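Peer 1: Structure: input-v6.cif, mmCIF, N, CA and C atoms.
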```cif
data_run
loop_
_atom_site.group_PDB
_atom_site.id
_atom_site.type_symbol
_atom_site.label_atom_id
_atom_site.label_comp_id
_atom_site.auth_asym_id
_atom_site.auth_seq_id
_atom_site.Cartn_x
_atom_site.Cartn_y
_atom_site.Cartn_z
ATOM 1 N N MET D 1 -32.994 8.935 -25.961
ATOM 2 C CA MET D 1 -31.637 8.671 -25.519
ATOM 3 C C MET D 1 -31.590 7.709 -24.352
ATOM 4 N N ALA D 2 -32.540 7.813 -23.466
ATOM 5 C CA ALA D 2 -32.537 6.945 -22.292
ATOM 6 C C ALA D 2 -32.733 5.487 -22.681
ATOM 7 N N SER D 3 -33.286 5.243 -23.839
ATOM 8 C CA SER D 3 -33.532 3.859 -24.231
ATOM 9 C C SER D 3 -32.250 3.119 -24.598
ATOM 10 N N ASP D 4 -31.186 3.839 -24.948
ATOM 11 C CA ASP D 4 -29.950 3.167 -25.304
ATOM 12 C C ASP D 4 -28.982 3.026 -24.127
ATOM 13 N N VAL D 5 -29.429 3.350 -22.930
ATOM 14 C CA VAL D 5 -28.628 3.202 -21.727
ATOM 15 C C VAL D 5 -29.194 2.050 -20.920
ATOM 16 N N SER D 6 -28.342 1.117 -20.592
ATOM 17 C CA SER D 6 -28.808 0.000 -19.779
ATOM 18 C C SER D 6 -28.008 -0.063 -18.492
ATOM 19 N N VAL D 7 -28.652 -0.489 -17.458
ATOM 20 C CA VAL D 7 -28.016 -0.605 -16.152
ATOM 21 C C VAL D 7 -28.080 -2.053 -15.737
ATOM 22 N N THR D 8 -26.941 -2.597 -15.336
ATOM 23 C CA THR D 8 -26.913 -3.971 -14.842
ATOM 24 C C THR D 8 -26.528 -3.947 -13.375
ATOM 25 N N ALA D 9 -27.166 -4.763 -12.624
ATOM 26 C CA ALA D 9 -26.890 -4.833 -11.186
ATOM 27 C C ALA D 9 -25.571 -5.549 -10.950
ATOM 28 N N LYS D 10 -24.782 -4.994 -10.080
ATOM 29 C CA LYS D 10 -23.520 -5.625 -9.703
ATOM 30 C C LYS D 10 -23.796 -6.681 -8.639
ATOM 31 N N PRO D 11 -23.041 -7.786 -8.671
ATOM 32 C CA PRO D 11 -23.206 -8.763 -7.592
ATOM 33 C C PRO D 11 -22.765 -8.150 -6.273
ATOM 34 N N LYS D 12 -23.384 -8.577 -5.204
ATOM 35 C CA LYS D 12 -23.030 -8.030 -3.892
ATOM 36 C C LYS D 12 -21.585 -8.384 -3.561
ATOM 37 N N GLN D 13 -20.877 -7.376 -3.106
ATOM 38 C CA GLN D 13 -19.493 -7.571 -2.729
ATOM 39 C C GLN D 13 -19.409 -7.768 -1.219
ATOM 40 N N VAL D 14 -18.492 -8.603 -0.820
ATOM 41 C CA VAL D 14 -18.264 -8.807 0.605
ATOM 42 C C VAL D 14 -17.430 -7.641 1.103
ATOM 43 N N MET D 15 -17.946 -6.922 2.072
ATOM 44 C CA MET D 15 -17.232 -5.774 2.618
ATOM 45 C C MET D 15 -16.270 -6.246 3.715
ATOM 46 N N ARG D 16 -15.020 -5.870 3.559
ATOM 47 C CA ARG D 16 -14.029 -6.204 4.576
ATOM 48 C C ARG D 16 -14.011 -5.091 5.606
ATOM 49 N N LYS D 17 -13.854 -5.453 6.841
ATOM 50 C CA LYS D 17 -13.782 -4.451 7.904
ATOM 51 C C LYS D 17 -12.379 -3.863 7.967
ATOM 52 N N CYS D 18 -12.320 -2.615 8.352
ATOM 53 C CA CYS D 18 -11.038 -1.951 8.600
ATOM 54 C C CYS D 18 -10.654 -2.247 10.037
ATOM 55 N N THR D 19 -9.874 -3.262 10.223
ATOM 56 C CA THR D 19 -9.402 -3.588 11.566
ATOM 57 C C THR D 19 -7.886 -3.470 11.586
ATOM 58 N N LEU D 20 -7.383 -2.959 12.670
ATOM 59 C CA LEU D 20 -5.946 -2.793 12.812
ATOM 60 C C LEU D 20 -5.279 -4.144 13.026
ATOM 61 N N ASP D 21 -4.110 -4.318 12.411
ATOM 62 C CA ASP D 21 -3.351 -5.546 12.619
ATOM 63 C C ASP D 21 -2.496 -5.412 13.875
ATOM 64 N N GLU D 22 -1.602 -6.368 14.091
ATOM 65 C CA GLU D 22 -0.774 -6.371 15.304
ATOM 66 C C GLU D 22 0.174 -5.174 15.378
ATOM 67 N N ASN D 23 0.415 -4.510 14.237
ATOM 68 C CA ASN D 23 1.281 -3.332 14.207
ATOM 69 C C ASN D 23 0.499 -2.023 14.273
ATOM 70 N N GLY D 24 -0.810 -2.111 14.452
ATOM 71 C CA GLY D 24 -1.642 -0.915 14.487
ATOM 72 C C GLY D 24 -1.864 -0.314 13.107
ATOM 73 N N CYS D 25 -1.905 -1.185 12.085
ATOM 74 C CA CYS D 25 -2.036 -0.730 10.699
ATOM 75 C C CYS D 25 -3.249 -1.366 10.019
ATOM 76 N N VAL D 26 -3.654 -0.731 8.931
ATOM 77 C CA VAL D 26 -4.711 -1.253 8.079
ATOM 78 C C VAL D 26 -4.234 -1.091 6.640
ATOM 79 N N SER D 27 -4.612 -2.016 5.767
ATOM 80 C CA SER D 27 -4.160 -1.917 4.376
ATOM 81 C C SER D 27 -4.940 -0.830 3.642
ATOM 82 N N LEU D 28 -4.300 -0.253 2.654
ATOM 83 C CA LEU D 28 -4.959 0.774 1.848
ATOM 84 C C LEU D 28 -6.175 0.187 1.129
ATOM 85 N N LEU D 29 -6.102 -1.068 0.743
ATOM 86 C CA LEU D 29 -7.251 -1.721 0.102
ATOM 87 C C LEU D 29 -8.457 -1.738 1.031
ATOM 88 N N ASP D 30 -8.246 -2.055 2.297
ATOM 89 C CA ASP D 30 -9.348 -2.071 3.262
ATOM 90 C C ASP D 30 -9.952 -0.676 3.433
ATOM 91 N N ILE D 31 -9.103 0.338 3.430
ATOM 92 C CA ILE D 31 -9.599 1.709 3.550
ATOM 93 C C ILE D 31 -10.459 2.064 2.343
ATOM 94 N N LEU D 32 -9.970 1.771 1.153
ATOM 95 C CA LEU D 32 -10.727 2.074 -0.061
ATOM 96 C C LEU D 32 -12.051 1.320 -0.108
ATOM 97 N N ASN D 33 -12.015 0.057 0.297
ATOM 98 C CA ASN D 33 -13.254 -0.738 0.314
ATOM 99 C C ASN D 33 -14.241 -0.224 1.343
ATOM 100 N N SER D 34 -13.745 0.224 2.472
ATOM 101 C CA SER D 34 -14.632 0.714 3.528
ATOM 102 C C SER D 34 -15.393 1.961 3.099
ATOM 103 N N PHE D 35 -14.712 2.855 2.390
ATOM 104 C CA PHE D 35 -15.365 4.070 1.929
ATOM 105 C C PHE D 35 -16.098 3.863 0.607
ATOM 106 N N ASN D 36 -15.810 2.743 -0.052
ATOM 107 C CA ASN D 36 -16.446 2.394 -1.316
ATOM 108 C C ASN D 36 -16.314 3.531 -2.334
ATOM 109 N N ALA D 37 -15.158 4.176 -2.335
ATOM 110 C CA ALA D 37 -14.924 5.292 -3.243
ATOM 111 C C ALA D 37 -13.419 5.520 -3.359
ATOM 112 N N PRO D 38 -13.004 6.166 -4.437
ATOM 113 C CA PRO D 38 -11.580 6.509 -4.549
ATOM 114 C C PRO D 38 -11.237 7.641 -3.584
ATOM 115 N N ILE D 39 -9.955 7.821 -3.344
ATOM 116 C CA ILE D 39 -9.529 8.923 -2.492
ATOM 117 C C ILE D 39 -9.482 10.209 -3.309
ATOM 118 N N ASN D 40 -9.578 11.347 -2.633
ATOM 119 C CA ASN D 40 -9.525 12.617 -3.356
ATOM 120 C C ASN D 40 -8.065 13.004 -3.611
ATOM 121 N N GLU D 41 -7.866 14.059 -4.383
ATOM 122 C CA GLU D 41 -6.520 14.461 -4.779
ATOM 123 C C GLU D 41 -5.649 14.824 -3.586
ATOM 124 N N GLU D 42 -6.214 15.516 -2.624
ATOM 125 C CA GLU D 42 -5.455 15.904 -1.442
ATOM 126 C C GLU D 42 -4.958 14.685 -0.671
ATOM 127 N N HIS D 43 -5.813 13.705 -0.503
ATOM 128 C CA HIS D 43 -5.409 12.479 0.191
ATOM 129 C C HIS D 43 -4.391 11.690 -0.633
ATOM 130 N N ALA D 44 -4.541 11.715 -1.947
ATOM 131 C CA ALA D 44 -3.591 11.005 -2.815
ATOM 132 C C ALA D 44 -2.188 11.599 -2.678
ATOM 133 N N TRP D 45 -2.091 12.940 -2.659
ATOM 134 C CA TRP D 45 -0.788 13.581 -2.499
ATOM 135 C C TRP D 45 -0.204 13.291 -1.113
ATOM 136 N N ALA D 46 -1.038 13.298 -0.092
ATOM 137 C CA ALA D 46 -0.570 12.975 1.261
ATOM 138 C C ALA D 46 -0.046 11.542 1.310
ATOM 139 N N LEU D 47 -0.745 10.641 0.651
ATOM 140 C CA LEU D 47 -0.326 9.242 0.596
ATOM 141 C C LEU D 47 1.008 9.111 -0.149
ATOM 142 N N CYS D 48 1.155 9.837 -1.262
ATOM 143 C CA CYS D 48 2.423 9.824 -2.008
ATOM 144 C C CYS D 48 3.569 10.321 -1.132
ATOM 145 N N PHE D 49 3.328 11.408 -0.392
ATOM 146 C CA PHE D 49 4.360 11.950 0.488
ATOM 147 C C PHE D 49 4.744 10.937 1.561
ATOM 148 N N GLN D 50 3.748 10.328 2.189
ATOM 149 C CA GLN D 50 4.017 9.353 3.249
ATOM 150 C C GLN D 50 4.759 8.129 2.685
ATOM 151 N N CYS D 51 4.399 7.692 1.486
ATOM 152 C CA CYS D 51 5.098 6.567 0.854
ATOM 153 C C CYS D 51 6.554 6.926 0.564
ATOM 154 N N ALA D 52 6.781 8.138 0.087
ATOM 155 C CA ALA D 52 8.148 8.591 -0.196
ATOM 156 C C ALA D 52 8.978 8.636 1.083
ATOM 157 N N GLN D 53 8.385 9.117 2.169
ATOM 158 C CA GLN D 53 9.090 9.163 3.461
ATOM 159 C C GLN D 53 9.439 7.751 3.912
ATOM 160 N N CYS D 54 8.493 6.831 3.777
ATOM 161 C CA CYS D 54 8.729 5.438 4.169
ATOM 162 C C CYS D 54 9.813 4.816 3.289
ATOM 163 N N PHE D 55 9.739 5.084 1.993
ATOM 164 C CA PHE D 55 10.719 4.569 1.047
ATOM 165 C C PHE D 55 12.121 5.061 1.395
ATOM 166 N N LYS D 56 12.243 6.341 1.685
ATOM 167 C CA LYS D 56 13.537 6.933 2.046
ATOM 168 C C LYS D 56 14.099 6.285 3.305
ATOM 169 N N SER D 57 13.243 6.119 4.294
ATOM 170 C CA SER D 57 13.663 5.520 5.560
ATOM 171 C C SER D 57 14.052 4.055 5.381
ATOM 172 N N ALA D 58 13.253 3.306 4.616
ATOM 173 C CA ALA D 58 13.531 1.882 4.410
ATOM 174 C C ALA D 58 14.824 1.684 3.631
ATOM 175 N N ALA D 59 15.048 2.505 2.614
ATOM 176 C CA ALA D 59 16.269 2.393 1.815
ATOM 177 C C ALA D 59 17.494 2.731 2.655
ATOM 178 N N ALA D 60 17.354 3.667 3.588
ATOM 179 C CA ALA D 60 18.479 4.041 4.450
ATOM 180 C C ALA D 60 18.786 2.954 5.474
ATOM 181 N N SER D 61 17.765 2.211 5.901
ATOM 182 C CA SER D 61 17.989 1.203 6.940
ATOM 183 C C SER D 61 18.603 -0.079 6.380
ATOM 184 N N ASP D 62 18.072 -0.606 5.309
ATOM 185 C CA ASP D 62 18.620 -1.828 4.721
ATOM 186 C C ASP D 62 18.079 -2.003 3.306
ATOM 187 N N LYS D 63 18.837 -1.545 2.331
ATOM 188 C CA LYS D 63 18.409 -1.606 0.927
ATOM 189 C C LYS D 63 18.128 -3.032 0.464
ATOM 190 N N ASN D 64 18.846 -3.996 1.010
ATOM 191 C CA ASN D 64 18.698 -5.379 0.557
ATOM 192 C C ASN D 64 17.401 -6.037 1.025
ATOM 193 N N LYS D 65 16.695 -5.394 1.942
ATOM 194 C CA LYS D 65 15.422 -5.933 2.411
ATOM 195 C C LYS D 65 14.227 -5.201 1.820
ATOM 196 N N CYS D 66 14.464 -4.160 1.015
ATOM 197 C CA CYS D 66 13.364 -3.402 0.422
ATOM 198 C C CYS D 66 12.705 -4.211 -0.687
ATOM 199 N N VAL D 67 11.395 -4.147 -0.729
ATOM 200 C CA VAL D 67 10.635 -4.933 -1.694
ATOM 201 C C VAL D 67 9.817 -4.033 -2.604
ATOM 202 N N LEU D 68 9.407 -4.582 -3.720
ATOM 203 C CA LEU D 68 8.592 -3.878 -4.689
ATOM 204 C C LEU D 68 7.123 -3.986 -4.295
ATOM 205 N N VAL D 69 6.448 -2.866 -4.180
ATOM 206 C CA VAL D 69 5.020 -2.826 -3.853
ATOM 207 C C VAL D 69 4.269 -2.647 -5.159
ATOM 208 N N ASP D 70 3.346 -3.564 -5.464
ATOM 209 C CA ASP D 70 2.635 -3.461 -6.737
ATOM 210 C C ASP D 70 1.118 -3.528 -6.596
ATOM 211 N N SER D 71 0.641 -3.390 -5.370
ATOM 212 C CA SER D 71 -0.796 -3.471 -5.147
ATOM 213 C C SER D 71 -1.171 -2.700 -3.881
ATOM 214 N N VAL D 72 -2.386 -2.149 -3.864
ATOM 215 C CA VAL D 72 -2.812 -1.370 -2.693
ATOM 216 C C VAL D 72 -2.977 -2.231 -1.445
ATOM 217 N N ASP D 73 -3.142 -3.534 -1.600
ATOM 218 C CA ASP D 73 -3.257 -4.380 -0.411
ATOM 219 C C ASP D 73 -1.905 -4.601 0.261
ATOM 220 N N GLN D 74 -0.825 -4.137 -0.370
ATOM 221 C CA GLN D 74 0.518 -4.242 0.212
ATOM 222 C C GLN D 74 0.957 -2.948 0.892
ATOM 223 N N VAL D 75 0.124 -1.915 0.831
ATOM 224 C CA VAL D 75 0.429 -0.635 1.468
ATOM 225 C C VAL D 75 -0.286 -0.600 2.815
ATOM 226 N N PHE D 76 0.477 -0.437 3.892
ATOM 227 C CA PHE D 76 -0.085 -0.463 5.233
ATOM 228 C C PHE D 76 0.008 0.916 5.877
ATOM 229 N N VAL D 77 -1.141 1.450 6.250
ATOM 230 C CA VAL D 77 -1.239 2.777 6.849
ATOM 231 C C VAL D 77 -1.431 2.608 8.351
ATOM 232 N N SER D 78 -0.592 3.306 9.131
ATOM 233 C CA SER D 78 -0.716 3.228 10.585
ATOM 234 C C SER D 78 -1.873 4.103 11.049
ATOM 235 N N LYS D 79 -2.275 3.922 12.289
ATOM 236 C CA LYS D 79 -3.381 4.728 12.819
ATOM 237 C C LYS D 79 -3.001 6.195 12.932
ATOM 238 N N GLU D 80 -1.699 6.510 12.889
ATOM 239 C CA GLU D 80 -1.243 7.897 12.899
ATOM 240 C C GLU D 80 -1.261 8.510 11.495
ATOM 241 N N GLY D 81 -1.447 7.672 10.470
ATOM 242 C CA GLY D 81 -1.499 8.161 9.101
ATOM 243 C C GLY D 81 -0.207 8.001 8.318
ATOM 244 N N THR D 82 0.802 7.433 8.939
ATOM 245 C CA THR D 82 2.063 7.197 8.233
ATOM 246 C C THR D 82 2.031 5.825 7.570
ATOM 247 N N ILE D 83 2.930 5.626 6.627
ATOM 248 C CA ILE D 83 3.048 4.317 5.984
ATOM 249 C C ILE D 83 3.986 3.470 6.838
ATOM 250 N N HIS D 84 3.527 2.288 7.199
ATOM 251 C CA HIS D 84 4.322 1.414 8.070
ATOM 252 C C HIS D 84 5.495 0.826 7.293
ATOM 253 N N PRO D 85 6.660 0.681 7.932
ATOM 254 C CA PRO D 85 7.830 0.115 7.259
ATOM 255 C C PRO D 85 7.599 -1.270 6.662
ATOM 256 N N LYS D 86 6.667 -2.047 7.196
ATOM 257 C CA LYS D 86 6.441 -3.386 6.635
ATOM 258 C C LYS D 86 5.905 -3.318 5.209
ATOM 259 N N THR D 87 5.478 -2.134 4.774
ATOM 260 C CA THR D 87 5.062 -1.949 3.391
ATOM 261 C C THR D 87 6.233 -2.192 2.443
ATOM 262 N N LEU D 88 7.414 -1.751 2.836
ATOM 263 C CA LEU D 88 8.578 -1.821 1.952
ATOM 264 C C LEU D 88 9.660 -2.792 2.374
ATOM 265 N N LEU D 89 9.585 -3.328 3.576
ATOM 266 C CA LEU D 89 10.630 -4.230 4.039
ATOM 267 C C LEU D 89 10.144 -5.672 4.028
ATOM 268 N N ALA D 90 10.998 -6.558 3.540
ATOM 269 C CA ALA D 90 10.667 -7.977 3.528
ATOM 270 C C ALA D 90 10.570 -8.468 4.969
ATOM 271 N N THR D 91 9.506 -9.181 5.250
ATOM 272 C CA THR D 91 9.298 -9.740 6.582
ATOM 273 C C THR D 91 9.032 -11.231 6.451
ATOM 274 N N ALA D 92 8.960 -11.911 7.566
ATOM 275 C CA ALA D 92 8.677 -13.339 7.541
ATOM 276 C C ALA D 92 7.299 -13.627 6.939
ATOM 277 N N GLU D 93 6.335 -12.725 7.172
ATOM 278 C CA GLU D 93 4.982 -12.969 6.676
ATOM 279 C C GLU D 93 4.826 -12.741 5.179
ATOM 280 N N ASN D 94 5.692 -11.933 4.553
ATOM 281 C CA ASN D 94 5.561 -11.708 3.121
ATOM 282 C C ASN D 94 6.756 -12.229 2.323
ATOM 283 N N ALA D 95 7.613 -13.013 2.941
ATOM 284 C CA ALA D 95 8.873 -13.440 2.333
ATOM 285 C C ALA D 95 8.709 -14.153 1.000
ATOM 286 N N GLY D 96 7.714 -14.972 0.834
ATOM 287 C CA GLY D 96 7.553 -15.711 -0.409
ATOM 288 C C GLY D 96 6.818 -14.961 -1.489
ATOM 289 N N GLU D 97 6.311 -13.777 -1.194
ATOM 290 C CA GLU D 97 5.452 -13.057 -2.126
ATOM 291 C C GLU D 97 6.071 -11.800 -2.717
ATOM 292 N N VAL D 98 7.270 -11.448 -2.325
ATOM 293 C CA VAL D 98 7.802 -10.149 -2.699
ATOM 294 C C VAL D 98 9.005 -10.247 -3.616
ATOM 295 N N VAL D 99 9.278 -9.163 -4.307
ATOM 296 C CA VAL D 99 10.445 -9.042 -5.164
ATOM 297 C C VAL D 99 11.344 -7.969 -4.573
ATOM 298 N N VAL D 100 12.569 -8.342 -4.257
ATOM 299 C CA VAL D 100 13.520 -7.363 -3.731
ATOM 300 C C VAL D 100 13.945 -6.468 -4.882
ATOM 301 N N TRP D 101 13.852 -5.159 -4.694
ATOM 302 C CA TRP D 101 14.125 -4.215 -5.778
ATOM 303 C C TRP D 101 15.560 -3.738 -5.817
ATOM 304 N N TRP D 102 16.370 -4.071 -4.846
ATOM 305 C CA TRP D 102 17.730 -3.565 -4.775
ATOM 306 C C TRP D 102 18.675 -4.700 -4.454
ATOM 307 N N SER D 103 19.820 -4.686 -5.064
ATOM 308 C CA SER D 103 20.856 -5.633 -4.672
ATOM 309 C C SER D 103 22.192 -4.917 -4.734
ATOM 310 N N GLU D 104 23.125 -5.346 -3.931
ATOM 311 C CA GLU D 104 24.450 -4.722 -3.911
ATOM 312 C C GLU D 104 25.151 -4.898 -5.261
ATOM 313 N N GLN D 105 24.906 -6.006 -5.946
ATOM 314 C CA GLN D 105 25.514 -6.243 -7.243
ATOM 315 C C GLN D 105 25.015 -5.212 -8.256
ATOM 316 N N ALA D 106 23.724 -4.908 -8.227
ATOM 317 C CA ALA D 106 23.154 -3.929 -9.162
ATOM 318 C C ALA D 106 23.740 -2.544 -8.913
ATOM 319 N N SER D 107 24.059 -2.234 -7.669
ATOM 320 C CA SER D 107 24.591 -0.906 -7.349
ATOM 321 C C SER D 107 26.030 -0.744 -7.816
ATOM 322 N N LYS D 108 26.762 -1.853 -8.032
ATOM 323 C CA LYS D 108 28.148 -1.784 -8.467
ATOM 324 C C LYS D 108 28.287 -1.657 -9.977
ATOM 325 N N GLU D 109 27.223 -1.975 -10.708
ATOM 326 C CA GLU D 109 27.274 -1.939 -12.172
ATOM 327 C C GLU D 109 27.134 -0.566 -12.718
#
```
Just give me the structure of the file as structure tokens.
Peer 2:
Amino acid sequence: MASDVSVTAKPKQVMRKCTLDENGCVSLLDILNSFNAPINEEHAWALCFQCAQCFKSAAASDKNKCVLVDSVDQVFVSKEGTIHPKTLLATAENAGEVVVWWSEQASKE
């Protein structure tokens, strides 16, 4: 049986450091890369809860600035463990890369 199993070496990956940005946050992608492993179920549920809290807060503050998050590199975790509002709110730094998920016209239909 062992003869039909082959192992191929993966090319070396460049490891990104987990460094805090100007808002005291690090991207979820950097966290995953640093540990070189997926998160466990408990951490996944905590992350879902924190994202929901951030989503609720962002939608209450300004629905027209909320953006669609479609990648782990767009999720920013603060050093306190909360999801930073810049994850869901359009900012000057992500203005050309995001899709606004809410519009006042859509809410009237």
Peer 1: Considering only C-alpha atoms, can you say which of D:Leu28, D:Ile39, D:Cys18, D:Leu47 comes closest to Val72 (chain D)?
Peer 2: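 Once distances to Val72 (chain D) are computed over only C-alpha atoms, the minimum belongs to D:Leu28.
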Peer 1: Separation of atom N of Leu68 (chain D) and atom C of Ser34 (chain D), in Å?
Peer 2: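 Computing it gives 26.5 Å between the two atoms.
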Peer 1: Running the PyMOL selection byres (((chain D and resi 54-63 and name CA) around 7) and name CA) on this model by hand, what would come out? Give it as a PyMOL selection string.
Peer 2: chain D and resi 50-53+64-66+83+85+88-89+102
Peer 1: Selected by the PyMOL selection byres ((chain D and resi 78) around 8) in the shown coordinates: which residues, as a ChimeraX atom specification?
Peer 2: /D:23-27,75-77,79-85
Peer 1: Any idea what the distance is between atom N of Asp73 (chain D) and atom C of Leu29 (chain D)?
Peer 2: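 Straight-line distance from atom N of Asp73 (chain D) to atom C of Leu29 (chain D) works out to 6.2 Å.
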Peer 1: Counting only N, CA and C atoms, which of D:Ile31, D:Ala37, D:Thr87, D:Ala44 gets nearest to Val69 (chain D)?
Peer 2: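 Selected residue with least distance to Val69 (chain D): D:Thr87.
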Peer 1: Measure the distance from CA of Glu22 (chain D) to CA of Lys86 (chain D) in Å and round it to one decimal.
Peer 2: 11.7 Å
Peer 1: Can you fill out region 21-40 of chain D with N, CA, C and O atoms and hand it back as a PDB file, in the frame of the given file?
Peer 2:
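The resulting file, part-v3.pdb, is reproduced below:
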```pdb
ATOM      1  N   ASP D  21      -4.110  -4.318  12.411  1.00  0.00           N
ATOM      2  CA  ASP D  21      -3.351  -5.546  12.619  1.00  0.00           C
ATOM      3  C   ASP D  21      -2.496  -5.412  13.875  1.00  0.00           C
ATOM      4  O   ASP D  21      -2.629  -4.442  14.629  1.00  0.00           O
ATOM      5  N   GLU D  22      -1.602  -6.368  14.091  1.00  0.00           N
ATOM      6  CA  GLU D  22      -0.774  -6.371  15.304  1.00  0.00           C
ATOM      7  C   GLU D  22       0.174  -5.174  15.378  1.00  0.00           C
ATOM      8  O   GLU D  22       0.660  -4.836  16.445  1.00  0.00           O
ATOM      9  N   ASN D  23       0.415  -4.510  14.237  1.00  0.00           N
ATOM     10  CA  ASN D  23       1.281  -3.332  14.207  1.00  0.00           C
ATOM     11  C   ASN D  23       0.499  -2.023  14.273  1.00  0.00           C
ATOM     12  O   ASN D  23       1.069  -0.950  14.124  1.00  0.00           O
ATOM     13  N   GLY D  24      -0.810  -2.111  14.452  1.00  0.00           N
ATOM     14  CA  GLY D  24      -1.642  -0.915  14.487  1.00  0.00           C
ATOM     15  C   GLY D  24      -1.864  -0.314  13.107  1.00  0.00           C
ATOM     16  O   GLY D  24      -1.976   0.895  12.961  1.00  0.00           O
ATOM     17  N   CYS D  25      -1.905  -1.185  12.085  1.00  0.00           N
ATOM     18  CA  CYS D  25      -2.036  -0.730  10.699  1.00  0.00           C
ATOM     19  C   CYS D  25      -3.249  -1.366  10.019  1.00  0.00           C
ATOM     20  O   CYS D  25      -3.755  -2.390  10.452  1.00  0.00           O
ATOM     21  N   VAL D  26      -3.654  -0.731   8.931  1.00  0.00           N
ATOM     22  CA  VAL D  26      -4.711  -1.253   8.079  1.00  0.00           C
ATOM     23  C   VAL D  26      -4.234  -1.091   6.640  1.00  0.00           C
ATOM     24  O   VAL D  26      -3.491  -0.160   6.315  1.00  0.00           O
ATOM     25  N   SER D  27      -4.612  -2.016   5.767  1.00  0.00           N
ATOM     26  CA  SER D  27      -4.160  -1.917   4.376  1.00  0.00           C
ATOM     27  C   SER D  27      -4.940  -0.830   3.642  1.00  0.00           C
ATOM     28  O   SER D  27      -6.099  -0.543   3.966  1.00  0.00           O
ATOM     29  N   LEU D  28      -4.300  -0.253   2.654  1.00  0.00           N
ATOM     30  CA  LEU D  28      -4.959   0.774   1.848  1.00  0.00           C
ATOM     31  C   LEU D  28      -6.175   0.187   1.129  1.00  0.00           C
ATOM     32  O   LEU D  28      -7.187   0.864   0.979  1.00  0.00           O
ATOM     33  N   LEU D  29      -6.102  -1.068   0.743  1.00  0.00           N
ATOM     34  CA  LEU D  29      -7.251  -1.721   0.102  1.00  0.00           C
ATOM     35  C   LEU D  29      -8.457  -1.738   1.031  1.00  0.00           C
ATOM     36  O   LEU D  29      -9.579  -1.436   0.613  1.00  0.00           O
ATOM     37  N   ASP D  30      -8.246  -2.055   2.297  1.00  0.00           N
ATOM     38  CA  ASP D  30      -9.348  -2.071   3.262  1.00  0.00           C
ATOM     39  C   ASP D  30      -9.952  -0.676   3.433  1.00  0.00           C
ATOM     40  O   ASP D  30     -11.168  -0.537   3.559  1.00  0.00           O
ATOM     41  N   ILE D  31      -9.103   0.338   3.430  1.00  0.00           N
ATOM     42  CA  ILE D  31      -9.599   1.709   3.550  1.00  0.00           C
ATOM     43  C   ILE D  31     -10.459   2.064   2.343  1.00  0.00           C
ATOM     44  O   ILE D  31     -11.574   2.589   2.489  1.00  0.00           O
ATOM     45  N   LEU D  32      -9.970   1.771   1.153  1.00  0.00           N
ATOM     46  CA  LEU D  32     -10.727   2.074  -0.061  1.00  0.00           C
ATOM     47  C   LEU D  32     -12.051   1.320  -0.108  1.00  0.00           C
ATOM     48  O   LEU D  32     -13.080   1.878  -0.487  1.00  0.00           O
ATOM     49  N   ASN D  33     -12.015   0.057   0.297  1.00  0.00           N
ATOM     50  CA  ASN D  33     -13.254  -0.738   0.314  1.00  0.00           C
ATOM     51  C   ASN D  33     -14.241  -0.224   1.343  1.00  0.00           C
ATOM     52  O   ASN D  33     -15.449  -0.240   1.113  1.00  0.00           O
ATOM     53  N   SER D  34     -13.745   0.224   2.472  1.00  0.00           N
ATOM     54  CA  SER D  34     -14.632   0.714   3.528  1.00  0.00           C
ATOM     55  C   SER D  34     -15.393   1.961   3.099  1.00  0.00           C
ATOM     56  O   SER D  34     -16.565   2.130   3.405  1.00  0.00           O
ATOM     57  N   PHE D  35     -14.712   2.855   2.390  1.00  0.00           N
ATOM     58  CA  PHE D  35     -15.365   4.070   1.929  1.00  0.00           C
ATOM     59  C   PHE D  35     -16.098   3.863   0.607  1.00  0.00           C
ATOM     60  O   PHE D  35     -16.886   4.709   0.189  1.00  0.00           O
ATOM     61  N   ASN D  36     -15.810   2.743  -0.052  1.00  0.00           N
ATOM     62  CA  ASN D  36     -16.446   2.394  -1.316  1.00  0.00           C
ATOM     63  C   ASN D  36     -16.314   3.531  -2.334  1.00  0.00           C
ATOM     64  O   ASN D  36     -17.253   3.837  -3.069  1.00  0.00           O
ATOM     65  N   ALA D  37     -15.158   4.176  -2.335  1.00  0.00           N
ATOM     66  CA  ALA D  37     -14.924   5.292  -3.243  1.00  0.00           C
ATOM     67  C   ALA D  37     -13.419   5.520  -3.359  1.00  0.00           C
ATOM     68  O   ALA D  37     -12.651   5.136  -2.474  1.00  0.00           O
ATOM     69  N   PRO D  38     -13.004   6.166  -4.437  1.00  0.00           N
ATOM     70  CA  PRO D  38     -11.580   6.509  -4.549  1.00  0.00           C
ATOM     71  C   PRO D  38     -11.237   7.641  -3.584  1.00  0.00           C
ATOM     72  O   PRO D  38     -12.126   8.321  -3.071  1.00  0.00           O
ATOM     73  N   ILE D  39      -9.955   7.821  -3.344  1.00  0.00           N
ATOM     74  CA  ILE D  39      -9.529   8.923  -2.492  1.00  0.00           C
ATOM     75  C   ILE D  39      -9.482  10.209  -3.309  1.00  0.00           C
ATOM     76  O   ILE D  39      -9.341  10.166  -4.534  1.00  0.00           O
ATOM     77  N   ASN D  40      -9.578  11.347  -2.633  1.00  0.00           N
ATOM     78  CA  ASN D  40      -9.525  12.617  -3.356  1.00  0.00           C
ATOM     79  C   ASN D  40      -8.065  13.004  -3.611  1.00  0.00           C
ATOM     80  O   ASN D  40      -7.129  12.368  -3.122  1.00  0.00           O
TER      81      ASN D  40
END
```
